[in-house]
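S.K.: The following block contains the structure, expressed as structure tokens.
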Amino acid sequence: MWTVIYIAPTAKMAESIKLKLSEEGFLVHIRPVNMSKGHYEILVPSGELEEVQEVLNLILHP
């Protein structure tokens with residue numbers, strides 16, 4: 001089961017977050033939410049949610 005962990009405002013930001021999380025060893029999917037606004041959901045496996053949240057926090061707030 002995949003869980004949305006973050007909604008990125010741009011494709012570029014979504015790809016950047018995906019790359020950084022992937023480098024940490026996490027499985028990551030990106031899915032467009034609303035093409036007119038260009039938002040993208042970042043999804044991770046539910047079982048990794050807590051670990052990913054910690055890493056994501058470091059990515060977003062270095």
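By convention here, the chains of the structure tokens are called A, B, ... in the order presented, each chain's residues are numbered starting at 1, and ligands are numbered starting at 1 in the order presented.
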I want to know what sits within 12 Å of Glu15 of chain A, based on only C-alpha atoms, with residues of the same chain fewer than 6 positions away left out; could you give that as an mmCIF file with N, CA and C atoms, in the first residue's frame?
M.R.:
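See selection28.cif below for the written result:
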data_model
loop_
_atom_site.group_PDB
_atom_site.id
_atom_site.type_symbol
_atom_site.label_atom_id
_atom_site.label_comp_id
_atom_site.auth_asym_id
_atom_site.auth_seq_id
_atom_site.Cartn_x
_atom_site.Cartn_y
_atom_site.Cartn_z
ATOM 1 N N ILE A 7 2.942 16.760 -0.911
ATOM 2 C CA ILE A 7 2.440 17.257 -2.195
ATOM 3 C C ILE A 7 3.345 18.413 -2.608
ATOM 4 N N ALA A 8 4.080 18.178 -3.681
ATOM 5 C CA ALA A 8 5.035 19.182 -4.176
ATOM 6 C C ALA A 8 4.327 20.143 -5.128
ATOM 7 N N PRO A 9 4.678 21.416 -5.076
ATOM 8 C CA PRO A 9 4.017 22.412 -5.920
ATOM 9 C C PRO A 9 4.476 22.410 -7.381
ATOM 10 N N LEU A 21 15.204 10.960 -1.756
ATOM 11 C CA LEU A 21 14.676 9.826 -0.993
ATOM 12 C C LEU A 21 15.168 8.501 -1.574
ATOM 13 N N SER A 22 15.247 8.422 -2.889
ATOM 14 C CA SER A 22 15.745 7.205 -3.539
ATOM 15 C C SER A 22 17.203 6.955 -3.177
ATOM 16 N N VAL A 28 9.973 5.248 -4.094
ATOM 17 C CA VAL A 28 9.192 6.482 -4.197
ATOM 18 C C VAL A 28 8.470 6.525 -5.536
ATOM 19 N N HIS A 29 7.214 6.939 -5.514
ATOM 20 C CA HIS A 29 6.443 7.179 -6.733
ATOM 21 C C HIS A 29 5.992 8.634 -6.726
ATOM 22 N N ILE A 30 5.824 9.183 -7.924
ATOM 23 C CA ILE A 30 5.277 10.531 -8.079
ATOM 24 C C ILE A 30 4.036 10.429 -8.939
ATOM 25 N N ARG A 31 2.997 11.153 -8.536
ATOM 26 C CA ARG A 31 1.731 11.114 -9.269
ATOM 27 C C ARG A 31 1.159 12.524 -9.353
ATOM 28 N N PRO A 32 0.777 12.958 -10.563
ATOM 29 C CA PRO A 32 0.166 14.286 -10.676
ATOM 30 C C PRO A 32 -1.173 14.340 -9.935
ATOM 31 N N HIS A 39 0.456 20.342 -9.270
ATOM 32 C CA HIS A 39 0.882 19.705 -8.029
ATOM 33 C C HIS A 39 1.132 18.219 -8.239
ATOM 34 N N TYR A 40 2.083 17.667 -7.442
ATOM 35 C CA TYR A 40 2.446 16.259 -7.560
ATOM 36 C C TYR A 40 2.509 15.613 -6.187
ATOM 37 N N GLU A 41 1.869 14.460 -6.065
ATOM 38 C CA GLU A 41 1.939 13.691 -4.830
ATOM 39 C C GLU A 41 3.216 12.869 -4.832
ATOM 40 N N ILE A 42 3.846 12.796 -3.683
ATOM 41 C CA ILE A 42 4.998 11.923 -3.498
ATOM 42 C C ILE A 42 4.514 10.795 -2.594
ATOM 43 N N LEU A 43 4.609 9.571 -3.121
ATOM 44 C CA LEU A 43 4.096 8.409 -2.411
ATOM 45 C C LEU A 43 5.225 7.465 -2.025
#
S.K.: Based on the backbone DSSP call, show me all residues of chain A assigned strand (DSSP E), as a list in words.
M.R.: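 Everything in chain A that counts as strand (DSSP E) is Trp2, Thr3, Val4, Ile5, Tyr6, Ile7, Ala8, His29, Ile30, Arg31, Pro32, Val33, Asn34, His39, Tyr40, Glu41, Ile42, Leu43, Val44 and Pro45 of chain A.
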S.K.: Could you tell me which of A:Ala14, A:Leu60, A:Leu19, A:Ile5 comes closest to Val44 of chain A if we count only C-alpha atoms?
M.R.: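 The closest residue to Val44 of chain A is A:Ile5.
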S.K.: In Å, how far is it from atom CA of Val33 of chain A to atom CA of Ser46 of chain A?
M.R.: 19.1 Å
S.K.: I need the residue nearest Met1 of chain A from this list: A:Glu54, A:Glu48, A:Ile17, A:Ile59. Use only C-alpha atoms for the distance.
M.R.: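 Comparing A:Glu54, A:Glu48, A:Ile17, A:Ile59 against Met1 of chain A, the winner is A:Glu48.
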S.K.: Rounded to one decimal in Å, what is the spacing between atom CA of His61 of chain A and atom CA of Asn34 of chain A?
M.R.: 25.2 Å
S.K.: If DSSP is run on the backbone, what residues of chain A are alpha helix (DSSP H)? A reply as a list in words would be ideal.
M.R.: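 After running DSSP on the backbone, chain A has alpha helix (DSSP H) at Ala11, Lys12, Met13, Ala14, Glu15, Ser16, Ile17, Lys18, Leu19, Lys20, Leu21, Ser22, Glu23, Leu49, Glu50, Glu51, Val52, Gln53, Glu54, Val55, Leu56, Asn57, Leu58, Ile59 and Leu60 of chain A.
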S.K.: Would you save the residues of that selection, restricted to N, CA and C atoms, as a tab-separated table (two decimals), in the first residue's frame?
M.R.:
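What follows is the written file again-v2.tsv:
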chain	number	residue	atom	x	y	z
A	11	ALA	N	6.76	19.99	-10.61
A	11	ALA	CA	7.35	18.72	-11.03
A	11	ALA	C	8.83	18.68	-10.66
A	12	LYS	N	9.51	19.81	-10.83
A	12	LYS	CA	10.95	19.87	-10.52
A	12	LYS	C	11.21	19.54	-9.05
A	13	MET	N	10.41	20.11	-8.16
A	13	MET	CA	10.58	19.85	-6.73
A	13	MET	C	10.26	18.39	-6.42
A	14	ALA	N	9.20	17.86	-7.03
A	14	ALA	CA	8.83	16.46	-6.81
A	14	ALA	C	9.96	15.53	-7.24
A	15	GLU	N	10.55	15.79	-8.39
A	15	GLU	CA	11.66	14.96	-8.88
A	15	GLU	C	12.88	15.07	-7.96
A	16	SER	N	13.14	16.26	-7.47
A	16	SER	CA	14.27	16.47	-6.56
A	16	SER	C	14.09	15.68	-5.27
A	17	ILE	N	12.90	15.74	-4.70
A	17	ILE	CA	12.61	15.00	-3.47
A	17	ILE	C	12.69	13.50	-3.73
A	18	LYS	N	12.12	13.06	-4.87
A	18	LYS	CA	12.18	11.64	-5.22
A	18	LYS	C	13.62	11.17	-5.30
A	19	LEU	N	14.47	11.94	-5.96
A	19	LEU	CA	15.87	11.57	-6.11
A	19	LEU	C	16.56	11.44	-4.75
A	20	LYS	N	16.35	12.41	-3.89
A	20	LYS	CA	17.00	12.39	-2.58
A	20	LYS	C	16.51	11.22	-1.73
A	21	LEU	N	15.20	10.96	-1.76
A	21	LEU	CA	14.68	9.83	-0.99
A	21	LEU	C	15.17	8.50	-1.57
A	22	SER	N	15.25	8.42	-2.89
A	22	SER	CA	15.75	7.20	-3.54
A	22	SER	C	17.20	6.96	-3.18
A	23	GLU	N	17.99	8.03	-3.11
A	23	GLU	CA	19.40	7.90	-2.71
A	23	GLU	C	19.53	7.37	-1.29
A	49	LEU	N	6.76	4.70	6.24
A	49	LEU	CA	6.27	6.07	6.44
A	49	LEU	C	7.04	6.85	7.49
A	50	GLU	N	7.23	6.29	8.67
A	50	GLU	CA	7.91	7.04	9.74
A	50	GLU	C	9.35	7.36	9.38
A	51	GLU	N	10.07	6.38	8.81
A	51	GLU	CA	11.46	6.61	8.42
A	51	GLU	C	11.56	7.68	7.35
A	52	VAL	N	10.65	7.61	6.37
A	52	VAL	CA	10.68	8.58	5.27
A	52	VAL	C	10.35	9.98	5.78
A	53	GLN	N	9.43	10.09	6.74
A	53	GLN	CA	9.07	11.39	7.28
A	53	GLN	C	10.28	12.08	7.90
A	54	GLU	N	11.11	11.31	8.60
A	54	GLU	CA	12.31	11.88	9.22
A	54	GLU	C	13.26	12.42	8.15
A	55	VAL	N	13.50	11.62	7.11
A	55	VAL	CA	14.41	12.02	6.05
A	55	VAL	C	13.83	13.20	5.28
A	56	LEU	N	12.53	13.15	4.98
A	56	LEU	CA	11.89	14.25	4.26
A	56	LEU	C	12.00	15.56	5.02
A	57	ASN	N	11.85	15.49	6.33
A	57	ASN	CA	11.98	16.70	7.15
A	57	ASN	C	13.37	17.30	7.00
A	58	LEU	N	14.40	16.46	6.95
A	58	LEU	CA	15.76	16.95	6.76
A	58	LEU	C	15.96	17.54	5.37
A	59	ILE	N	15.28	16.97	4.38
A	59	ILE	CA	15.39	17.48	3.00
A	59	ILE	C	14.73	18.84	2.89
A	60	LEU	N	13.54	18.97	3.47
A	60	LEU	CA	12.76	20.21	3.35
A	60	LEU	C	13.26	21.32	4.27
